[in-house]
Structures are given as structure tokens and as C-alpha cells.
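Reading through the C-alpha cells given below for one structure.
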Amino acid sequence: MVMTRTGAITLKGTPTDLAGPELKVGDAAPDFMLQNNALEDVSLDSFAEKTLIIATVPSLDTPVCHAETKKFNEQTPDLANVEVLVVSTDLPFGQKRWCGSEGVENVTTLSAHRSAKFGEDYGVLISSGPFNCCLARAIFVVNPEGKMTYVEYVKEVAEHPNYDAVLAAAKG
């Protein structure tokens, strides 16, 4: 049975529940199986030997998710050996369309639409309210050895993460 973290975040001020554990710095990054824009399965091992910034968002079609993904696209291309993954439950077709229309080429969008497992394993599956079954806004920086070096669960879904801290951890 998956644990529920009651009121772990808010959505426009309303307490909202998350399914799964709260990951911490030093934890091993859970493996995953997600789908990319070419409808291929990708896992944590697909990015072996890289530092990962894994940004989870409710939907690329919301203002904050849109701005966050564009910001990572603009601020990370010069980071050596760093891959940015933006994960949502948007369908891969929608992610591909969005990236094309926005000129996003420096991040990899991945879809968790086929299973709740990723959201549960990373503790970001929203399990109440109007965003039920979407992913909460969170950031995980994973070093090449697969350990978390930065974890941020954004307390209010409509807020931005701490970009400076994320980028510092990725450079790290």
C-alpha cells in the first residue's frame, strides 16, 4: 500500500495530498519507466553517467510549468554532463507539440501518463483535489552515481522552484 502525505502541498492555498514517500538528499533515485516524445520507453539507466535535473510538473500547458520548463531550457545548455528531464502526465504528443511551438530543445520531456508508479516512487503523485493523478511540482538533482544531491517539493503548486539552488546543485 502506498503511503499518503496528507496536506503535503497546497494548490492555490488548499491543502492537497501526495502519494508516496518524501525523498531526501542522499537517497538513491528510484528507477522509472517513462515515455519520451518518440513514444520510446526510457529509464533512469537511459541517462547513466550524467547528472540529472528531474523536474516534475502538473502540465506543460499551465503558466508556471510553461515558464519553468522554458527557464531550464534557457539556463542549462552550457552545464557539462547535465540532462534536464521535465516529467508530467501530459501525453507525449502534447509534449512534442508544446516543445516544438516553444522552441524547447535543451530539455527532455517525459510522460508518466501510463502508470502512477513514477509519481508514487518519487512522492509527487497528487492524490486529492482538482489535480488528482497529476504530478506535483518538485525538483530532484541526481548525481551520476544515482544519488539525490538536491530535493525540493514546492509547497505551493502555483509557485516556482528555487532555480539558483537547483543550478548550483547540478554544477556541484
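In the C-alpha cells, the first chain shown is A, the next is B, and so on; residue numbers restart at 1 for each chain, and ligands run from 1 in the order shown.
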Checklist entry - Could you pull out all residues of range 50-162 of chain A with a DSSP call of helix (DSSP H, G or I) and give them as a list in words? => result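 Assigned to helix (DSSP H, G or I), within range 50-162 of chain A: Pro63, Val64, Cys65, His66, Ala67, Glu68, Thr69, Lys70, Lys71, Phe72, Asn73, Glu74, Gln75, Pro92, Phe93, Gly94, Gln95, Lys96, Arg97, Trp98, Cys99, Gly100, Ser101, Glu102, Lys117, Phe118, Gly119, Glu120 and Asp121 of chain A.
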Item to check | Shell around Val104 in chain A at 10 Å using only C-alpha atoms, local window under 6 positions removed, as a ChimeraX atom specification | outcome: /A:69-74,96,98
Kindly export the residues of the current selection with all heavy atoms, as an mmCIF file, in the first residue's frame.
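Result saved to selection.cif:
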```
data_model
loop_
_atom_site.group_PDB
_atom_site.id
_atom_site.type_symbol
_atom_site.label_atom_id
_atom_site.label_comp_id
_atom_site.auth_asym_id
_atom_site.auth_seq_id
_atom_site.Cartn_x
_atom_site.Cartn_y
_atom_site.Cartn_z
ATOM 1 N N THR A 69 9.797 25.274 -17.461
ATOM 2 C CA THR A 69 10.446 24.472 -18.498
ATOM 3 C C THR A 69 11.253 25.365 -19.439
ATOM 4 O O THR A 69 12.384 25.025 -19.804
ATOM 5 C CB THR A 69 9.399 23.647 -19.271
ATOM 6 O OG1 THR A 69 8.666 22.857 -18.324
ATOM 7 C CG2 THR A 69 10.052 22.737 -20.290
ATOM 8 N N LYS A 70 10.703 26.520 -19.803
ATOM 9 C CA LYS A 70 11.433 27.462 -20.656
ATOM 10 C C LYS A 70 12.703 27.960 -19.950
ATOM 11 O O LYS A 70 13.759 28.087 -20.576
ATOM 12 C CB LYS A 70 10.542 28.652 -21.023
ATOM 13 C CG LYS A 70 9.350 28.309 -21.888
ATOM 14 C CD LYS A 70 9.664 28.264 -23.345
ATOM 15 C CE LYS A 70 9.873 29.653 -23.876
ATOM 16 N NZ LYS A 70 10.058 29.670 -25.327
ATOM 17 N N LYS A 71 12.610 28.210 -18.650
ATOM 18 C CA LYS A 71 13.771 28.694 -17.904
ATOM 19 C C LYS A 71 14.886 27.646 -17.886
ATOM 20 O O LYS A 71 16.051 27.962 -18.121
ATOM 21 C CB LYS A 71 13.363 29.083 -16.486
ATOM 22 C CG LYS A 71 14.463 29.775 -15.712
ATOM 23 C CD LYS A 71 13.900 30.498 -14.511
ATOM 24 C CE LYS A 71 14.968 31.289 -13.830
ATOM 25 N NZ LYS A 71 14.822 32.717 -13.979
ATOM 26 N N PHE A 72 14.526 26.386 -17.611
ATOM 27 C CA PHE A 72 15.551 25.329 -17.644
ATOM 28 C C PHE A 72 16.119 25.169 -19.054
ATOM 29 O O PHE A 72 17.308 24.924 -19.221
ATOM 30 C CB PHE A 72 14.995 24.005 -17.124
ATOM 31 C CG PHE A 72 14.932 23.935 -15.625
ATOM 32 C CD1 PHE A 72 13.745 23.645 -14.986
ATOM 33 C CD2 PHE A 72 16.058 24.152 -14.841
ATOM 34 C CE1 PHE A 72 13.677 23.573 -13.599
ATOM 35 C CE2 PHE A 72 16.010 24.098 -13.460
ATOM 36 C CZ PHE A 72 14.814 23.803 -12.837
ATOM 37 N N ASN A 73 15.292 25.310 -20.066
ATOM 38 C CA ASN A 73 15.757 25.221 -21.453
ATOM 39 C C ASN A 73 16.806 26.302 -21.738
ATOM 40 O O ASN A 73 17.797 26.042 -22.412
ATOM 41 C CB ASN A 73 14.575 25.377 -22.412
ATOM 42 C CG ASN A 73 14.971 25.206 -23.850
ATOM 43 O OD1 ASN A 73 15.365 24.126 -24.275
ATOM 44 N ND2 ASN A 73 14.840 26.273 -24.629
ATOM 45 N N GLU A 74 16.592 27.485 -21.188
ATOM 46 C CA GLU A 74 17.495 28.617 -21.433
ATOM 47 C C GLU A 74 18.745 28.579 -20.564
ATOM 48 O O GLU A 74 19.815 29.016 -20.998
ATOM 49 C CB GLU A 74 16.747 29.931 -21.193
ATOM 50 C CG GLU A 74 15.624 30.171 -22.170
ATOM 51 C CD GLU A 74 14.618 31.214 -21.709
ATOM 52 O OE1 GLU A 74 14.818 31.836 -20.637
ATOM 53 O OE2 GLU A 74 13.615 31.401 -22.426
ATOM 54 N N LYS A 96 5.457 16.912 -27.282
ATOM 55 C CA LYS A 96 6.209 17.166 -28.516
ATOM 56 C C LYS A 96 5.702 18.437 -29.201
ATOM 57 O O LYS A 96 6.486 19.277 -29.636
ATOM 58 C CB LYS A 96 6.087 15.970 -29.456
ATOM 59 C CG LYS A 96 6.903 16.097 -30.718
ATOM 60 C CD LYS A 96 6.824 14.820 -31.535
ATOM 61 C CE LYS A 96 7.718 14.900 -32.747
ATOM 62 N NZ LYS A 96 7.736 13.649 -33.503
ATOM 63 N N TRP A 98 4.125 20.951 -27.762
ATOM 64 C CA TRP A 98 4.474 22.095 -26.928
ATOM 65 C C TRP A 98 5.936 22.482 -27.126
ATOM 66 O O TRP A 98 6.250 23.661 -27.330
ATOM 67 C CB TRP A 98 4.181 21.782 -25.459
ATOM 68 C CG TRP A 98 4.403 22.957 -24.577
ATOM 69 C CD1 TRP A 98 3.505 23.925 -24.258
ATOM 70 C CD2 TRP A 98 5.626 23.311 -23.929
ATOM 71 N NE1 TRP A 98 4.099 24.857 -23.447
ATOM 72 C CE2 TRP A 98 5.411 24.510 -23.224
ATOM 73 C CE3 TRP A 98 6.893 22.734 -23.864
ATOM 74 C CZ2 TRP A 98 6.393 25.136 -22.479
ATOM 75 C CZ3 TRP A 98 7.886 23.361 -23.122
ATOM 76 C CH2 TRP A 98 7.626 24.554 -22.445
#
```
Checklist outcome for this item: Counting only C-alpha atoms, the residue among A:Pro21, A:Thr109, A:Lys171, A:Pro161 that lies closest to Val2 in chain A is A:Pro21
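One finds CA of Asn106 in chain A at 16.0 Å from CA of Tyr163 in chain A.
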Checklist entry - Excluding same-chain residues fewer than 4 positions from Val57 in chain A, what lies within 12 Å of it counting only C-alpha atoms, as a ChimeraX atom specification? => result /A:61-69,85-90,109-112,119,124-126,131,133-140,153-154,156-161
Checklist entry - Which is closer to Val107 in chain A than all the others in A:Ile9, A:Ile53, A:Val84, A:Leu167, using only C-alpha atoms? => result A:Val84
Checklist entry - Suppose you want the space between CA of Met1 in chain A and CA of Thr14 in chain A; what is it in Å? => result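 A separation of 25.2 Å between them.
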Item to check | Proximity to Lys12 in chain A - best of A:Asn162, A:Gly129, A:Glu152, A:Arg114, only C-alpha atoms | outcome: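 Smallest separation from Lys12 in chain A among the options: A:Gly129.
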